[in-house]
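Undergrad: Sharing a structure below in structure tokens format, with a few things to ask.
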Amino acid sequence: MYQALPEKWAETRNNDLIVNKIGWVYPINLMGNALWLVVFGQNAAWAFGLSLAVIIGMLASQVYIMRSTTRSKVNTWEFVTLRCGFTIYTGWVTAATILNTTFFFKSLGMEGDGAGLAEDTWCVVILWVALCVYVLASFMERNPLYAAVYIWVLVAIRKNHDDPEDVLKYSEKVVDQSLIIVIVHAVYVTLLTGFCVYEKTKEKCKFGLLY
């Protein structure tokens, strides 16, 4: 709807960003999202492989959109809906891509004795690897909001494994390690936010969430 508004109704709209840079990338991304939801729900090895390919394409398009919005001047409406909205979405797609990858390897037989490590140990390893991904990407992009999405992911995972009565899901190791990672990551997000504000006030901000 915002793209379709007449020029005189949206005089401060960044048409170069919305039309020339984003253009059809977002609608294509949404079609990929719909395809991923259907394929991922098939619960088969071929489906996990295909869904992984689809979601990697979605992630690539989302990273492109996020980078486009954090490198373009935007008005208040575009800051909230484009820059912040697409940042949160990209953070979610990052988590979903990691999840999809684990399901794909699990469908290939990497579970139980075939995985080399206990499943809860693999879960902890993946959580720490994901932390590195979010930290590195958010710092390079100067985007603490992208990093903050991982806190939501960690809290959800911890809650999912925190019921001792659920013998299939309960894992003290996952609960303890996810709490540690949440604390570490929350401190990092706070520091990164402060750093971005510092760059903004010193007029050194050339891209990022606060650009």
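Each chain in the structure tokens gets a letter, A, B, ..., in the order shown, and its residues are numbered from 1; ligands are numbered from 1 in order too.
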Which residues, written as a list in words, have at least one atom at most 12 Å from A:Val129, with only C-alpha atoms counted and residues fewer than 4 positions away on the same chain left out?

TA: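 Near A:Val129, the qualifying residues are Ala95, Ile98, Trp122, Cys123, Val124, Val125, Val133, Tyr134, Val135, Leu136, Tyr150 and Ile181 of chain A.
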
Undergrad: Could you name the residues that touch A:Ser178 at 10 Å or less, counting only C-alpha atoms, but leaving out those on the same chain fewer than 5 positions away, as a list of chain:residue names?

TA: A:Cys123, A:Val124, A:Leu127, A:Trp128, A:Ile151, A:Val153, A:Leu154, A:Val155, A:Ala156, A:Ile157, A:Arg158, A:Lys159, A:His161, A:Glu172, A:Lys173, A:Ile183, A:Val184

Undergrad: Show me, as a list in words, the residues that have an atom within 8 Å of A:Thr69 when counting only C-alpha atoms, minus same-chain residues fewer than 4 positions from it.

TA: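 Using only C-alpha atoms, the neighbours found are Leu17, Ile65, Lys73, Val74, Leu82 and Arg83 of chain A.
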
Undergrad: Which polymer residues have any atom within 10 Å of an atom of A:Ala44, counting only C-alpha atoms, with same-chain residues fewer than 4 positions away left out, as a ChimeraX atom specification?

TA: /A:39-40,48-50,103-104,107-108

Undergrad: Save out the residues we just selected, N, CA and C atoms, as a JSON list (two decimals), in the first residue's frame.

TA:
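Final output, part-v4.json:
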[["chain", "number", "residue", "atom", "x", "y", "z"],
["A", 39, "VAL", "N", 6.72, -27.21, 2.26],
["A", 39, "VAL", "CA", 7.72, -28.27, 2.09],
["A", 39, "VAL", "C", 8.26, -28.73, 3.44],
["A", 40, "PHE", "N", 8.57, -27.79, 4.35],
["A", 40, "PHE", "CA", 9.15, -28.14, 5.64],
["A", 40, "PHE", "C", 8.21, -29.02, 6.46],
["A", 48, "PHE", "N", 13.34, -31.77, 3.82],
["A", 48, "PHE", "CA", 14.26, -30.95, 4.60],
["A", 48, "PHE", "C", 15.36, -30.38, 3.72],
["A", 49, "GLY", "N", 15.82, -31.17, 2.74],
["A", 49, "GLY", "CA", 16.84, -30.69, 1.81],
["A", 49, "GLY", "C", 16.31, -29.56, 0.94],
["A", 50, "LEU", "N", 15.11, -29.74, 0.39],
["A", 50, "LEU", "CA", 14.51, -28.72, -0.46],
["A", 50, "LEU", "C", 14.17, -27.47, 0.35],
["A", 103, "PHE", "N", 17.67, -29.96, 11.17],
["A", 103, "PHE", "CA", 16.70, -30.97, 10.77],
["A", 103, "PHE", "C", 17.19, -31.74, 9.55],
["A", 104, "PHE", "N", 17.86, -31.03, 8.64],
["A", 104, "PHE", "CA", 18.37, -31.67, 7.43],
["A", 104, "PHE", "C", 19.43, -32.72, 7.78],
["A", 107, "SER", "N", 17.91, -35.68, 9.43],
["A", 107, "SER", "CA", 17.23, -36.57, 8.49],
["A", 107, "SER", "C", 18.21, -37.46, 7.74],
["A", 108, "LEU", "N", 19.48, -37.05, 7.71],
["A", 108, "LEU", "CA", 20.51, -37.86, 7.05],
["A", 108, "LEU", "C", 21.11, -38.92, 7.97]]

Undergrad: Smallest atom-to-atom distance to A:Phe79: which of A:Trp9, A:Trp24, A:Met66, A:Lys204, using only C-alpha atoms?

TA: A:Met66

Undergrad: From the list A:Ser171, A:Asn160, A:Asn14, A:Thr190, which residue is nearest A:Glu78 when using only C-alpha atoms?

TA: A:Asn14

Undergrad: Fewer than 3 positions away in the same chain doesn't count, so skip those; otherwise give me all residues within 9 Å of A:Gln3, counting only C-alpha atoms, as a list in words.

TA: Pro6, Arg13, Asn15, Ile18 and Val19 of chain A

Undergrad: Smallest atom-to-atom distance to A:Met140: which of A:Leu5, A:Leu30, A:Leu192, A:Ala53, using only C-alpha atoms?

TA: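 Looking only at the distances to A:Met140, the closest residue turns out to be A:Leu192.
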
Undergrad: Would you please extract all alpha helix (DSSP H) residues from stretch 153-192 of chain A, as assigned by DSSP on the backbone, and give them as a list in words?

TA: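 So, restricting stretch 153-192 of chain A to alpha helix (DSSP H), we get Val153, Leu154, Val155, Ala156, Ile157, Arg158, Lys159, Asn160, Glu172, Lys173, Val174, Val175, Asp176, Gln177, Ser178, Leu179, Ile180, Ile181, Val182, Ile183, Val184, His185, Ala186, Val187, Tyr188, Val189, Thr190, Leu191 and Leu192 of chain A.
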
Undergrad: Quick one: distance from atom CA of A:Tyr26 to atom CA of A:Ala96 in Å, one decimal?

TA: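 About the pair atom CA of A:Tyr26 and atom CA of A:Ala96: they are 17.6 Å apart.
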
Undergrad: Would you kindly return, as a PDB file with all heavy atoms, in the first residue's frame, each protein, DNA or RNA residue with an atom no farther than 8 Å from any atom of A:Gly91, considering only C-alpha atoms and excluding same-chain residues fewer than 5 positions away?

TA:
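The resulting file, part-v1.pdb, is reproduced below:
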ATOM      1  N   TYR A 146      19.015  -6.636  15.137  1.00  0.00           N
ATOM      2  CA  TYR A 146      19.195  -7.972  14.546  1.00  0.00           C
ATOM      3  C   TYR A 146      19.729  -8.931  15.602  1.00  0.00           C
ATOM      4  O   TYR A 146      19.262 -10.069  15.725  1.00  0.00           O
ATOM      5  CB  TYR A 146      20.158  -7.887  13.362  1.00  0.00           C
ATOM      6  CG  TYR A 146      20.574  -9.223  12.805  1.00  0.00           C
ATOM      7  CD1 TYR A 146      19.770  -9.909  11.896  1.00  0.00           C
ATOM      8  CD2 TYR A 146      21.771  -9.814  13.191  1.00  0.00           C
ATOM      9  CE1 TYR A 146      20.152 -11.140  11.394  1.00  0.00           C
ATOM     10  CE2 TYR A 146      22.162 -11.046  12.691  1.00  0.00           C
ATOM     11  CZ  TYR A 146      21.349 -11.697  11.791  1.00  0.00           C
ATOM     12  OH  TYR A 146      21.738 -12.930  11.303  1.00  0.00           O
ATOM     13  N   ALA A 147      20.704  -8.488  16.371  1.00  0.00           N
ATOM     14  CA  ALA A 147      21.274  -9.342  17.422  1.00  0.00           C
ATOM     15  C   ALA A 147      20.256  -9.655  18.498  1.00  0.00           C
ATOM     16  O   ALA A 147      20.212 -10.768  19.035  1.00  0.00           O
ATOM     17  CB  ALA A 147      22.496  -8.652  18.041  1.00  0.00           C
ATOM     18  N   VAL A 149      17.180 -10.248  18.324  1.00  0.00           N
ATOM     19  CA  VAL A 149      16.251 -11.320  17.959  1.00  0.00           C
ATOM     20  C   VAL A 149      16.695 -12.649  18.558  1.00  0.00           C
ATOM     21  O   VAL A 149      15.871 -13.481  18.951  1.00  0.00           O
ATOM     22  CB  VAL A 149      16.127 -11.429  16.426  1.00  0.00           C
ATOM     23  CG1 VAL A 149      15.275 -12.639  16.030  1.00  0.00           C
ATOM     24  CG2 VAL A 149      15.521 -10.166  15.843  1.00  0.00           C
ATOM     25  N   TYR A 150      18.005 -12.847  18.669  1.00  0.00           N
ATOM     26  CA  TYR A 150      18.524 -14.121  19.186  1.00  0.00           C
ATOM     27  C   TYR A 150      18.171 -14.307  20.656  1.00  0.00           C
ATOM     28  O   TYR A 150      18.092 -15.447  21.137  1.00  0.00           O
ATOM     29  CB  TYR A 150      20.033 -14.189  18.984  1.00  0.00           C
ATOM     30  CG  TYR A 150      20.625 -15.547  19.253  1.00  0.00           C
ATOM     31  CD1 TYR A 150      20.037 -16.704  18.748  1.00  0.00           C
ATOM     32  CD2 TYR A 150      21.772 -15.692  20.034  1.00  0.00           C
ATOM     33  CE1 TYR A 150      20.569 -17.953  19.000  1.00  0.00           C
ATOM     34  CE2 TYR A 150      22.319 -16.940  20.289  1.00  0.00           C
ATOM     35  CZ  TYR A 150      21.712 -18.066  19.775  1.00  0.00           C
ATOM     36  OH  TYR A 150      22.247 -19.305  20.029  1.00  0.00           O
TER      37      TYR A 150
END

Undergrad: Please determine, counting only C-alpha atoms, which residue among A:Cys196, A:Val187, A:Val63, A:Thr70 has the shortest atom-to-atom distance to A:Ala137.

TA: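 Nearest candidate to A:Ala137 out of A:Cys196, A:Val187, A:Val63, A:Thr70: A:Val63.
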
Undergrad: Work out how far atom CA of A:Asp16 is from atom CA of A:Val197, in Å to one decimal.

TA: 26.5 Å
